[in-house]
file input-v8.cif (mmCIF, C-alpha atoms)
data_final
#
loop_
_atom_site.label_atom_id
_atom_site.label_comp_id
_atom_site.auth_asym_id
_atom_site.auth_seq_id
_atom_site.Cartn_x
_atom_site.Cartn_y
_atom_site.Cartn_z
CA MET A 1 0.00 0.00 0.00
CA GLU A 2 2.81 2.35 0.93
CA ARG A 3 4.45 1.54 -2.38
CA MET A 4 1.27 2.28 -4.30
CA ARG A 5 0.93 5.60 -2.54
CA THR A 6 4.49 6.52 -3.46
CA ALA A 7 4.13 5.25 -7.03
CA ALA A 8 0.91 7.18 -7.62
CA LEU A 9 2.42 10.38 -6.30
CA VAL A 10 5.60 9.99 -8.36
CA ALA A 11 3.51 9.25 -11.46
CA ALA A 12 1.35 12.30 -10.79
CA THR A 13 4.43 14.50 -10.38
CA LEU A 14 6.08 13.16 -13.54
CA SER A 15 3.01 13.70 -15.69
CA MET A 16 2.30 17.11 -14.16
CA GLY A 17 5.88 18.16 -14.87
CA PHE A 18 5.47 17.13 -18.48
CA VAL A 19 2.16 18.84 -19.03
CA ALA A 20 3.30 22.04 -17.34
CA SER A 21 6.43 22.05 -19.43
CA ILE A 22 4.56 21.43 -22.67
CA PHE A 23 2.23 24.35 -22.00
CA VAL A 24 5.20 26.55 -21.10
CA HIS A 25 7.00 25.66 -24.30
CA TRP A 26 3.95 26.41 -26.40
CA SER A 27 3.92 29.81 -24.71
CA ASN A 28 7.65 30.44 -24.93
CA THR A 29 8.78 28.76 -28.11
CA ILE A 30 6.12 27.43 -30.43
CA MET A 31 3.66 30.33 -30.55
CA PRO A 32 6.38 33.02 -30.73
CA ALA A 33 7.94 31.05 -33.60
CA LEU A 34 4.63 30.73 -35.45
CA ARG A 35 3.82 34.39 -34.93
CA SER A 36 6.75 35.34 -37.13
CA THR A 37 5.75 33.09 -40.03
CA ASP A 38 3.54 33.75 -43.07
CA ASP A 39 -0.12 32.63 -43.04
CA ARG A 40 0.49 29.45 -45.00
CA THR A 41 3.28 28.25 -42.73
CA PHE A 42 1.27 29.29 -39.68
CA VAL A 43 -1.84 27.34 -40.64
CA THR A 44 0.09 24.30 -41.90
CA ALA A 45 2.40 24.15 -38.90
CA PHE A 46 -0.38 24.69 -36.38
CA GLN A 47 -2.48 21.93 -37.92
CA GLN A 48 0.47 19.53 -37.88
CA LEU A 49 1.40 20.45 -34.31
CA ASP A 50 -2.18 20.04 -33.15
CA ASP A 51 -2.41 16.72 -34.92
CA ALA A 52 0.88 15.49 -33.44
CA ILE A 53 0.02 16.39 -29.87
CA VAL A 54 -3.20 14.40 -29.98
CA ASN A 55 -1.39 11.10 -29.48
CA PRO A 56 -2.10 8.43 -26.86
CA LEU A 57 1.14 9.13 -25.00
CA PHE A 58 0.40 12.79 -24.47
CA ILE A 59 -3.34 12.57 -23.94
CA GLY A 60 -3.18 9.40 -21.84
CA LEU A 61 -0.10 9.86 -19.71
CA GLY A 62 0.10 13.62 -19.90
CA PHE A 63 -3.07 15.63 -20.22
CA MET A 64 -5.48 13.09 -18.69
CA GLY A 65 -2.78 11.29 -16.73
CA ALA A 66 -1.87 14.37 -14.71
CA LEU A 67 -5.50 14.67 -13.62
CA LEU A 68 -6.07 10.97 -12.92
CA PHE A 69 -2.75 10.25 -11.19
CA THR A 70 -3.12 13.33 -9.01
CA ALA A 71 -6.67 12.33 -8.05
CA LEU A 72 -5.48 8.78 -7.37
CA ALA A 73 -2.51 9.97 -5.32
CA GLY A 74 -4.87 12.11 -3.24
CA ALA A 75 -7.40 9.30 -2.79
CA LEU A 76 -4.68 6.92 -1.61
CA GLN A 77 -3.69 9.38 1.09
CA LEU A 78 -7.20 9.40 2.56
CA PRO A 79 -7.25 6.09 4.49
CA GLY A 80 -5.64 6.44 7.88
CA GLY A 81 -6.01 10.20 7.84
CA ARG A 82 -2.68 11.00 6.29
CA THR A 83 -2.77 14.74 6.33
CA ARG A 84 0.78 15.78 5.54
CA ALA A 85 0.87 15.44 1.76
CA LEU A 86 -2.86 15.58 1.18
CA PRO A 87 -3.40 19.36 1.23
CA TRP A 88 -0.64 19.83 -1.35
CA ILE A 89 -2.04 17.11 -3.58
CA ALA A 90 -5.50 18.65 -3.26
CA ALA A 91 -4.10 22.07 -4.16
CA ALA A 92 -2.38 20.58 -7.21
CA LEU A 93 -5.62 18.94 -8.27
CA VAL A 94 -7.59 22.18 -8.01
CA LEU A 95 -4.92 24.17 -9.89
CA TYR A 96 -4.73 21.60 -12.64
CA LEU A 97 -8.51 21.41 -12.91
CA GLY A 98 -8.32 25.10 -13.77
CA ALA A 99 -5.84 24.35 -16.57
CA PHE A 100 -8.01 21.47 -17.74
CA VAL A 101 -11.16 23.59 -17.91
CA ILE A 102 -9.34 26.37 -19.77
CA THR A 103 -8.17 23.83 -22.32
CA MET A 104 -11.63 22.46 -22.94
CA ALA A 105 -13.37 25.84 -22.87
CA VAL A 106 -10.90 28.03 -24.77
CA ASN A 107 -8.00 26.36 -26.54
CA GLU A 108 -9.66 23.23 -27.82
CA PRO A 109 -12.60 25.01 -29.52
CA LEU A 110 -10.12 27.35 -31.23
CA ASN A 111 -7.99 24.39 -32.29
CA THR A 112 -11.09 22.88 -33.85
CA GLU A 113 -11.60 26.00 -35.96
CA ILE A 114 -8.21 25.72 -37.58
CA ARG A 115 -8.34 21.92 -37.74
CA ASP A 116 -11.63 21.96 -39.64
CA ALA A 117 -10.30 24.42 -42.20
CA GLY A 118 -8.66 21.46 -43.93
CA ASP A 119 -5.74 21.26 -46.33
CA PRO A 120 -3.98 24.68 -46.43
CA SER A 121 -3.19 24.36 -50.13
CA ARG A 122 -6.95 24.40 -50.81
CA ILE A 123 -7.78 27.31 -48.52
CA ASP A 124 -8.55 30.51 -50.41
CA ASP A 125 -8.29 32.89 -47.49
CA LEU A 126 -5.47 31.68 -45.25
CA ALA A 127 -5.45 34.94 -43.31
CA ALA A 128 -9.10 34.39 -42.28
CA VAL A 129 -8.30 30.90 -41.02
CA ARG A 130 -5.37 32.27 -39.09
CA ASP A 131 -7.63 34.94 -37.58
CA ALA A 132 -10.11 32.25 -36.53
CA LEU A 133 -7.55 30.90 -34.07
CA LYS A 134 -7.66 34.27 -32.30
CA GLU A 135 -3.93 34.04 -31.72
CA SER A 136 -3.77 36.54 -28.87
CA THR A 137 -6.67 34.93 -27.00
CA TRP A 138 -5.21 31.46 -27.50
CA VAL A 139 -1.79 32.59 -26.29
CA ALA A 140 -3.13 34.55 -23.30
CA TRP A 141 -5.06 31.54 -22.02
CA ASN A 142 -2.12 29.30 -22.74
CA HIS A 143 -0.06 31.50 -20.41
CA VAL A 144 -2.72 31.06 -17.73
CA ARG A 145 -2.83 27.28 -18.02
CA SER A 146 0.98 27.20 -18.04
CA VAL A 147 1.13 29.08 -14.75
CA LEU A 148 -1.64 26.98 -13.18
CA SER A 149 -0.08 23.67 -14.13
CA ALA A 150 3.43 24.81 -13.14
CA ALA A 151 2.03 25.76 -9.73
CA ALA A 152 0.34 22.35 -9.52
CA PHE A 153 3.70 20.76 -10.36
CA GLY A 154 5.37 22.73 -7.55
CA CYS A 155 2.71 21.58 -5.09
CA LEU A 156 3.29 17.95 -6.06
CA LEU A 157 7.07 18.26 -5.61
CA TRP A 158 6.47 19.51 -2.11
CA ALA A 159 3.89 16.76 -1.54
CA LEU A 160 6.62 14.23 -2.39
CA VAL A 161 8.79 15.56 0.43
CA GLN A 162 5.82 15.53 2.80
CA HIS A 163 4.94 12.01 1.75
CA GLY A 164 8.56 10.98 2.30
CA ARG A 165 8.20 12.24 5.87
CA THR A 166 5.38 9.81 6.55
CA LEU A 167 7.73 6.99 5.53
CA ARG A 168 10.18 7.93 8.25
CA PRO A 169 9.91 4.89 10.57
CA ALA A 170 12.90 3.16 9.06
CA GLN A 171 11.28 0.22 7.28
CA SER A 172 8.08 -0.71 5.48
CA ALA A 173 5.32 -0.44 8.03
CA THR A 174 3.57 -3.76 8.51
CA GLY A 175 0.06 -2.55 9.07
CA GLN A 176 0.67 0.05 11.74
CA SER A 177 0.31 3.52 10.45
CA PRO A 178 3.44 5.63 10.50
CA THR A 179 3.68 8.63 12.75
CA THR A 180 1.65 11.36 11.20
CA THR A 181 1.73 13.67 14.15
CA GLN A 182 0.76 17.06 12.95
CA GLY A 183 2.15 20.12 14.60
CA SER A 184 5.53 18.60 15.34
CA GLU A 185 7.07 20.35 12.41
CA SER A 186 10.79 20.03 12.53
CA TRP A 187 10.84 22.07 9.36
CA SER A 188 12.62 25.36 9.63
CA SER A 189 10.44 27.66 7.61
CA PRO A 190 7.04 27.48 5.98
CA LYS A 191 8.42 29.51 3.10
CA ALA A 192 10.20 26.40 1.91
CA SER A 193 6.99 25.29 0.31
CA ARG A 194 7.82 27.19 -2.82
CA MET B 1 21.09 24.12 6.20
CA GLU B 2 18.14 21.80 6.00
CA PHE B 3 16.14 24.61 4.47
CA ALA B 4 18.77 25.07 1.75
CA GLN B 5 18.94 21.34 1.12
CA GLY B 6 15.20 21.07 0.63
CA LEU B 7 14.93 24.22 -1.44
CA THR B 8 17.74 23.31 -3.86
CA LEU B 9 16.32 19.82 -4.37
CA ILE B 10 12.85 21.20 -5.12
CA VAL B 11 14.19 23.83 -7.50
CA ALA B 12 16.42 21.25 -9.20
CA ALA B 13 13.47 18.88 -9.69
CA PHE B 14 11.33 21.74 -10.98
CA ALA B 15 13.98 22.81 -13.49
CA MET B 16 14.73 19.23 -14.54
CA GLY B 17 11.03 18.52 -15.10
CA HIS B 18 10.88 21.66 -17.19
CA MET B 19 13.79 20.45 -19.36
CA ALA B 20 12.52 16.87 -19.61
CA GLY B 21 9.18 18.22 -20.80
CA PHE B 22 10.98 20.50 -23.22
CA PHE B 23 12.87 17.68 -24.93
CA TYR B 24 9.74 15.58 -24.80
CA THR B 25 7.79 18.34 -26.56
CA TRP B 26 10.35 18.32 -29.37
CA SER B 27 10.30 14.52 -29.60
CA GLN B 28 6.58 13.94 -29.41
CA ASN B 29 5.05 17.12 -30.71
CA VAL B 30 7.31 19.42 -32.71
CA MET B 31 9.36 16.99 -34.78
CA PRO B 32 6.45 14.65 -35.66
CA ALA B 33 4.56 17.74 -36.82
CA LEU B 34 7.47 18.98 -38.92
CA SER B 35 8.21 15.54 -40.31
CA SER B 36 4.75 15.33 -41.84
CA SER B 37 5.15 18.77 -43.42
CA ASP B 38 6.50 19.65 -46.84
CA ASP B 39 10.20 20.60 -47.17
CA ARG B 40 9.55 24.33 -47.19
CA THR B 41 7.46 24.24 -44.02
CA PHE B 42 9.99 21.91 -42.42
CA VAL B 43 12.99 24.16 -43.04
CA GLY B 44 11.14 27.46 -42.46
CA GLY B 45 9.36 26.10 -39.40
CA PHE B 46 12.49 24.71 -37.82
CA GLN B 47 14.40 27.94 -38.41
CA ALA B 48 11.64 29.95 -36.73
CA LEU B 49 11.45 27.55 -33.79
CA ASP B 50 15.21 27.54 -33.38
CA ARG B 51 15.25 31.32 -33.21
CA ALA B 52 12.35 31.38 -30.74
CA VAL B 53 13.90 28.80 -28.45
CA ILE B 54 16.71 31.12 -27.50
CA ASN B 55 14.66 32.88 -24.84
CA PRO B 56 15.45 33.66 -21.20
CA TRP B 57 13.16 30.96 -19.82
CA PHE B 58 14.80 28.29 -21.88
CA ILE B 59 18.34 29.41 -21.10
CA ALA B 60 17.48 29.59 -17.39
CA GLY B 61 16.26 26.00 -17.50
CA PHE B 62 19.00 24.60 -19.70
CA VAL B 63 21.82 26.12 -17.65
CA GLY B 64 19.97 26.30 -14.35
CA ALA B 65 18.96 22.64 -14.16
CA PRO B 66 22.53 21.27 -13.90
CA LEU B 67 23.75 24.14 -11.71
CA VAL B 68 21.02 23.74 -9.11
CA THR B 69 21.25 19.95 -9.28
CA GLY B 70 24.99 20.22 -8.66
CA VAL B 71 24.48 22.52 -5.70
CA ALA B 72 21.75 20.24 -4.32
CA ALA B 73 24.17 17.31 -4.53
CA LEU B 74 26.97 19.25 -2.81
CA LEU B 75 24.64 20.21 0.03
CA GLN B 76 23.94 16.51 0.61
CA LEU B 77 27.63 15.69 1.06
CA GLY B 78 28.25 14.01 4.37
CA GLU B 79 24.62 12.90 4.65
CA ASP B 80 25.26 9.72 2.72
CA ASP B 81 23.08 7.62 4.98
CA ARG B 82 20.07 9.17 3.30
CA GLY B 83 20.65 7.96 -0.23
CA VAL B 84 19.72 11.41 -1.49
CA PHE B 85 23.27 12.23 -2.57
CA GLY B 86 23.54 9.22 -4.91
CA TRP B 87 20.29 9.95 -6.73
CA THR B 88 21.10 13.63 -7.07
CA VAL B 89 24.54 12.87 -8.48
CA ALA B 90 22.97 10.38 -10.90
CA ALA B 91 20.62 13.12 -12.13
CA PHE B 92 23.56 15.49 -12.54
CA VAL B 93 25.60 12.97 -14.54
CA LEU B 94 22.66 12.13 -16.80
CA TYR B 95 22.12 15.79 -17.52
CA VAL B 96 25.80 16.31 -18.31
CA VAL B 97 25.34 13.67 -21.02
CA VAL B 98 22.33 15.63 -22.30
CA ILE B 99 24.50 18.74 -22.58
CA GLY B 100 27.19 16.73 -24.35
CA ILE B 101 24.70 15.42 -26.93
CA THR B 102 23.24 18.89 -27.44
CA ARG B 103 26.65 20.43 -28.04
CA SER B 104 28.00 17.77 -30.34
CA VAL B 105 24.89 16.90 -32.35
CA HIS B 106 22.08 19.45 -32.11
CA LEU B 107 23.83 22.80 -31.99
CA PRO B 108 25.96 22.11 -35.11
CA LEU B 109 22.89 20.86 -37.02
CA ASN B 110 20.87 23.89 -35.91
CA ALA B 111 23.65 26.20 -37.09
CA GLU B 112 23.77 24.40 -40.42
CA ILE B 113 20.05 24.71 -41.13
CA GLN B 114 20.08 28.39 -40.13
CA ALA B 115 23.05 28.97 -42.44
CA ALA B 116 20.99 27.63 -45.34
CA GLY B 117 19.11 30.95 -45.19
CA ASP B 118 15.64 32.00 -46.32
CA PRO B 119 13.67 28.90 -47.42
CA ASP B 120 12.36 30.79 -50.46
CA GLN B 121 15.93 31.24 -51.68
CA ILE B 122 17.08 27.66 -51.14
CA ALA B 123 17.48 25.73 -54.39
CA ASP B 124 17.41 22.24 -52.91
CA LEU B 125 15.22 22.24 -49.83
CA ALA B 126 15.04 18.44 -49.75
CA ALA B 127 18.83 18.18 -49.44
CA VAL B 128 18.94 20.66 -46.55
CA ARG B 129 16.26 18.65 -44.81
CA ALA B 130 17.90 15.29 -45.54
CA ARG B 131 21.22 16.35 -43.98
CA PHE B 132 19.40 17.39 -40.85
CA GLU B 133 16.31 15.44 -39.93
CA ALA B 134 17.15 11.80 -39.16
CA ARG B 135 20.24 12.50 -37.07
CA TRP B 136 18.62 15.36 -35.16
CA VAL B 137 15.53 13.30 -34.32
CA ARG B 138 17.44 10.16 -33.31
CA TRP B 139 19.69 11.97 -30.85
CA ASN B 140 16.81 14.01 -29.54
CA VAL B 141 15.11 10.79 -28.45
CA VAL B 142 18.31 9.82 -26.63
CA ARG B 143 18.60 13.12 -24.78
CA THR B 144 14.89 13.04 -23.92
CA VAL B 145 15.25 9.62 -22.30
CA MET B 146 18.37 10.77 -20.40
CA CYS B 147 16.65 13.90 -19.16
CA VAL B 148 13.48 12.07 -18.11
CA ALA B 149 15.68 9.64 -16.18
CA ALA B 150 17.43 12.56 -14.48
CA PHE B 151 14.02 14.01 -13.58
CA GLY B 152 12.92 10.65 -12.14
CA CYS B 153 16.11 10.43 -10.04
CA LEU B 154 15.38 13.83 -8.53
CA LEU B 155 11.78 12.92 -7.70
CA TRP B 156 13.03 9.86 -5.89
CA ALA B 157 15.66 11.97 -4.14
CA LEU B 158 12.84 14.20 -2.86
CA VAL B 159 11.00 11.23 -1.34
CA LEU B 160 14.20 10.02 0.34
CA TYR B 161 14.96 13.50 1.53
CA GLY B 162 11.50 13.78 3.08
CA ARG B 163 11.96 10.44 4.77
CA ALA B 164 15.26 11.51 6.29
CA THR B 165 14.18 14.90 7.60
#
call {"tool": "encode", "arguments": {"input": "input-v8.cif", "output": "structure tokens"}}
result
Amino acid sequence: MERMRTAALVAATLSMGFVASIFVHWSNTIMPALRSTDDRTFVTAFQQLDDAIVNPLFIGLGFMGALLFTALAGALQLPGGRTRALPWIAAALVLYLGAFVITMAVNEPLNTEIRDAGDPSRIDDLAAVRDALKESTWVAWNHVRSVLSAAAFGCLLWALVQHGRTLRPAQSATGQSPTTTQGSESWSSPKASR
Amino acid sequence: MEFAQGLTLIVAAFAMGHMAGFFYTWSQNVMPALSSSDDRTFVGGFQALDRAVINPWFIAGFVGAPLVTGVAALLQLGEDDRGVFGWTVAAFVLYVVVIGITRSVHLPLNAEIQAAGDPDQIADLAAVRARFEARWVRWNVVRTVMCVAAFGCLLWALVLYGRAT
């Protein structure tokens, strides 16, 4: 059980790190690069990028995985009233839910616009298709989901340390719950949570 | 001291996750997209991306990840009963390999494709692409795996650190 708890939390942190980083790189690299290109390259490249990111590895382990693993990691902390890591996992879940909702409500509908425009070589008005993405709106909300998921990632890193603390009694607990005494914080400063 | 140990480990893991995701984005998102594009979009698109990648956030991550990981490892010296030191050093070594691959494979190839100039002026776009693509992609997969492994080592180091403190 202890191993499952640890594995779920590590998996959640890994996938959250990936998703956060992917959003950040769309904000910092991909969209700035596309901005400087002509309409044909913009539409073609965006369609290809959108198509490539919708793969099982990213959607399964990344985009959905971050949500599911984080929820699972939180749920596994519930039995026995383990309260050290739980608040940080819950915070990560809420932050990432924000990023998830933004994706479904803003970015994905805009992606669909440009996706449905079809083969760029058969589009008469490439500029209109480009406008349909509402580049500045897309980018602004991508910044927001980047920040939210990066914050969720930070929370999970800290949750890993807190979870490690519940493992303290030297070896694998055989049934008896480890010391989860709250209040006996040997930690030097609460600011370390960042 | 304990505060500094925890903080550097967290920052190192954060930066390493950022870099692992960065290489992963290139492996799983950017290059597959470019590979299914025509030669002009491939060359023009890569040139634009290569120019955009040189931004402060990227440089901070690329240089910062090994620096902070190194410091985190140093701060664990003498605490070898924890096991944190070993995992942090492993992450550092893996990332040094990533830097080595980047310097010897990717940076020269990037310079070459930039030197080819404006895609509209290139006579043989297919040749420019052919000299570049396969080698770049293959080694990018290698550095992605290395960097993900380094990230995993640091996550485990965080658990062990929590257990010991």
call {"tool": "closest_residue", "arguments": {"input": "input-v8.cif", "among": "B:Thr41, B:Ser104, B:Thr165, B:Thr25", "to": "Asp120 of chain B", "atoms": "all atoms listed in the file"}}
result
B:Thr41
call {"tool": "resolve_selection", "arguments": {"input": "input-v8.cif", "expression": "the PyMOL selection byres ((chain A) within 7 of (chain B))", "output": "VMD selection string"}}
result
chain A and resid 10 17 to 18 21 to 22 25 29 to 30 32 to 33 41 48 to 49 52 to 53 154 157 160 to 168 188 192
call {"tool": "resolve_selection", "arguments": {"input": "input-v8.cif", "expression": "the PyMOL selection byres ((chain B and resi 116) around 12)", "output": "ChimeraX atom specification"}}
result
/B:43-44,46-47,109-115,117-129,131-132
call {"tool": "write_last_selection", "arguments": {"input": "input-v8.cif", "atoms": "C-alpha atoms", "output": "short mmCIF file (atom, residue, chain, number, x, y, z; two decimals), keeping the file's coordinate frame"}}
result
data_model
loop_
_atom_site.label_atom_id
_atom_site.label_comp_id
_atom_site.auth_asym_id
_atom_site.auth_seq_id
_atom_site.Cartn_x
_atom_site.Cartn_y
_atom_site.Cartn_z
CA VAL B 43 12.99 24.16 -43.04
CA GLY B 44 11.14 27.46 -42.46
CA PHE B 46 12.49 24.71 -37.82
CA GLN B 47 14.40 27.94 -38.41
CA LEU B 109 22.89 20.86 -37.02
CA ASN B 110 20.87 23.89 -35.91
CA ALA B 111 23.65 26.20 -37.09
CA GLU B 112 23.77 24.40 -40.42
CA ILE B 113 20.05 24.71 -41.13
CA GLN B 114 20.08 28.39 -40.13
CA ALA B 115 23.05 28.97 -42.44
CA GLY B 117 19.11 30.95 -45.19
CA ASP B 118 15.64 32.00 -46.32
CA PRO B 119 13.67 28.90 -47.42
CA ASP B 120 12.36 30.79 -50.46
CA GLN B 121 15.93 31.24 -51.68
CA ILE B 122 17.08 27.66 -51.14
CA ALA B 123 17.48 25.73 -54.39
CA ASP B 124 17.41 22.24 -52.91
CA LEU B 125 15.22 22.24 -49.83
CA ALA B 126 15.04 18.44 -49.75
CA ALA B 127 18.83 18.18 -49.44
CA VAL B 128 18.94 20.66 -46.55
CA ARG B 129 16.26 18.65 -44.81
CA ARG B 131 21.22 16.35 -43.98
CA PHE B 132 19.40 17.39 -40.85
#
call {"tool": "atom_distance", "arguments": {"input": "input-v8.cif", "atom1": "atom CA of Ala91 of chain A", "atom2": "atom CA of Pro56 of chain A"}}
result
26.6 Å
call {"tool": "closest_atom_pairs", "arguments": {"input": "input-v8.cif", "of": "segment 123-154 of chain A", "to": "segment 97-113 of chain A", "cutoff": "10 Å", "atoms": "all atoms listed in the file", "output": "Markdown table"}}
result
| residue | atom | partner | partner_atom | distance |
| --- | --- | --- | --- | --- |
| A:Val129 | CA | A:Glu113 | CA | 7.8 |
| A:Arg130 | CA | A:Glu113 | CA | 9.4 |
| A:Asp131 | CA | A:Glu113 | CA | 9.9 |
| A:Ala132 | CA | A:Glu113 | CA | 6.5 |
| A:Leu133 | CA | A:Leu110 | CA | 5.2 |
| A:Lys134 | CA | A:Leu110 | CA | 7.4 |
| A:Glu135 | CA | A:Leu110 | CA | 9.1 |
| A:Thr137 | CA | A:Val106 | CA | 8.4 |
| A:Trp138 | CA | A:Asn107 | CA | 5.9 |
| A:Val139 | CA | A:Asn107 | CA | 8.8 |
| A:Trp141 | CA | A:Ile102 | CA | 7.1 |
| A:Asn142 | CA | A:Asn107 | CA | 7.6 |
| A:His143 | CA | A:Ala99 | CA | 10.0 |
| A:Val144 | CA | A:Ala99 | CA | 7.5 |
| A:Arg145 | CA | A:Ala99 | CA | 4.4 |
| A:Ser146 | CA | A:Ala99 | CA | 7.5 |
| A:Val147 | CA | A:Ala99 | CA | 8.6 |
| A:Leu148 | CA | A:Ala99 | CA | 6.0 |
| A:Ser149 | CA | A:Ala99 | CA | 6.3 |
| A:Ala150 | CA | A:Ala99 | CA | 9.9 |
| A:Ala152 | CA | A:Leu97 | CA | 9.5 |
call {"tool": "build_atoms", "arguments": {"input": "input-v8.cif", "residues": "segment 30-37 of chain A", "atoms": "all heavy atoms", "output": "mmCIF file, keeping the file's coordinate frame"}}
result
data_model
loop_
_atom_site.group_PDB
_atom_site.id
_atom_site.type_symbol
_atom_site.label_atom_id
_atom_site.label_comp_id
_atom_site.auth_asym_id
_atom_site.auth_seq_id
_atom_site.Cartn_x
_atom_site.Cartn_y
_atom_site.Cartn_z
ATOM 1 N N ILE A 30 6.875 27.775 -29.223
ATOM 2 C CA ILE A 30 6.120 27.430 -30.430
ATOM 3 C C ILE A 30 5.300 28.615 -30.939
ATOM 4 O O ILE A 30 5.413 28.996 -32.110
ATOM 5 C CB ILE A 30 5.229 26.192 -30.174
ATOM 6 C CG1 ILE A 30 6.139 24.988 -29.888
ATOM 7 C CG2 ILE A 30 4.319 25.929 -31.371
ATOM 8 C CD1 ILE A 30 5.421 23.705 -29.579
ATOM 9 N N MET A 31 4.502 29.228 -30.060
ATOM 10 C CA MET A 31 3.660 30.330 -30.550
ATOM 11 C C MET A 31 4.482 31.549 -30.980
ATOM 12 O O MET A 31 4.168 32.150 -32.007
ATOM 13 C CB MET A 31 2.571 30.693 -29.530
ATOM 14 C CG MET A 31 1.528 29.600 -29.325
ATOM 15 S SD MET A 31 0.808 28.908 -30.852
ATOM 16 C CE MET A 31 -0.317 30.211 -31.346
ATOM 17 N N PRO A 32 5.542 31.921 -30.230
ATOM 18 C CA PRO A 32 6.380 33.020 -30.730
ATOM 19 C C PRO A 32 7.004 32.709 -32.092
ATOM 20 O O PRO A 32 7.140 33.595 -32.936
ATOM 21 C CB PRO A 32 7.463 33.173 -29.658
ATOM 22 C CG PRO A 32 6.835 32.648 -28.419
ATOM 23 C CD PRO A 32 5.931 31.532 -28.866
ATOM 24 N N ALA A 33 7.358 31.430 -32.310
ATOM 25 C CA ALA A 33 7.940 31.050 -33.600
ATOM 26 C C ALA A 33 6.893 31.171 -34.708
ATOM 27 O O ALA A 33 7.161 31.726 -35.776
ATOM 28 C CB ALA A 33 8.485 29.628 -33.554
ATOM 29 N N LEU A 34 5.682 30.682 -34.435
ATOM 30 C CA LEU A 34 4.630 30.730 -35.450
ATOM 31 C C LEU A 34 4.222 32.167 -35.765
ATOM 32 O O LEU A 34 3.892 32.494 -36.901
ATOM 33 C CB LEU A 34 3.398 29.936 -34.995
ATOM 34 C CG LEU A 34 3.553 28.416 -34.924
ATOM 35 C CD1 LEU A 34 2.228 27.774 -34.517
ATOM 36 C CD2 LEU A 34 4.005 27.845 -36.261
ATOM 37 N N ARG A 35 4.246 33.007 -34.752
ATOM 38 C CA ARG A 35 3.820 34.390 -34.930
ATOM 39 C C ARG A 35 4.610 35.061 -36.057
ATOM 40 O O ARG A 35 4.083 35.875 -36.801
ATOM 41 C CB ARG A 35 4.024 35.167 -33.620
ATOM 42 C CG ARG A 35 3.309 36.513 -33.591
ATOM 43 C CD ARG A 35 3.735 37.319 -32.386
ATOM 44 N NE ARG A 35 3.608 36.561 -31.151
ATOM 45 C CZ ARG A 35 4.462 36.632 -30.127
ATOM 46 N NH1 ARG A 35 5.521 37.425 -30.182
ATOM 47 N NH2 ARG A 35 4.260 35.920 -29.049
ATOM 48 N N SER A 36 5.886 34.676 -36.161
ATOM 49 C CA SER A 36 6.750 35.340 -37.130
ATOM 50 C C SER A 36 6.648 34.742 -38.533
ATOM 51 O O SER A 36 7.329 35.188 -39.439
ATOM 52 C CB SER A 36 8.203 35.262 -36.645
ATOM 53 O OG SER A 36 8.612 33.909 -36.625
ATOM 54 N N THR A 37 5.805 33.737 -38.707
ATOM 55 C CA THR A 37 5.750 33.090 -40.030
ATOM 56 C C THR A 37 4.575 33.606 -40.851
ATOM 57 O O THR A 37 3.646 34.215 -40.324
ATOM 58 C CB THR A 37 5.596 31.559 -39.882
ATOM 59 O OG1 THR A 37 4.392 31.284 -39.168
ATOM 60 C CG2 THR A 37 6.762 30.961 -39.119
#
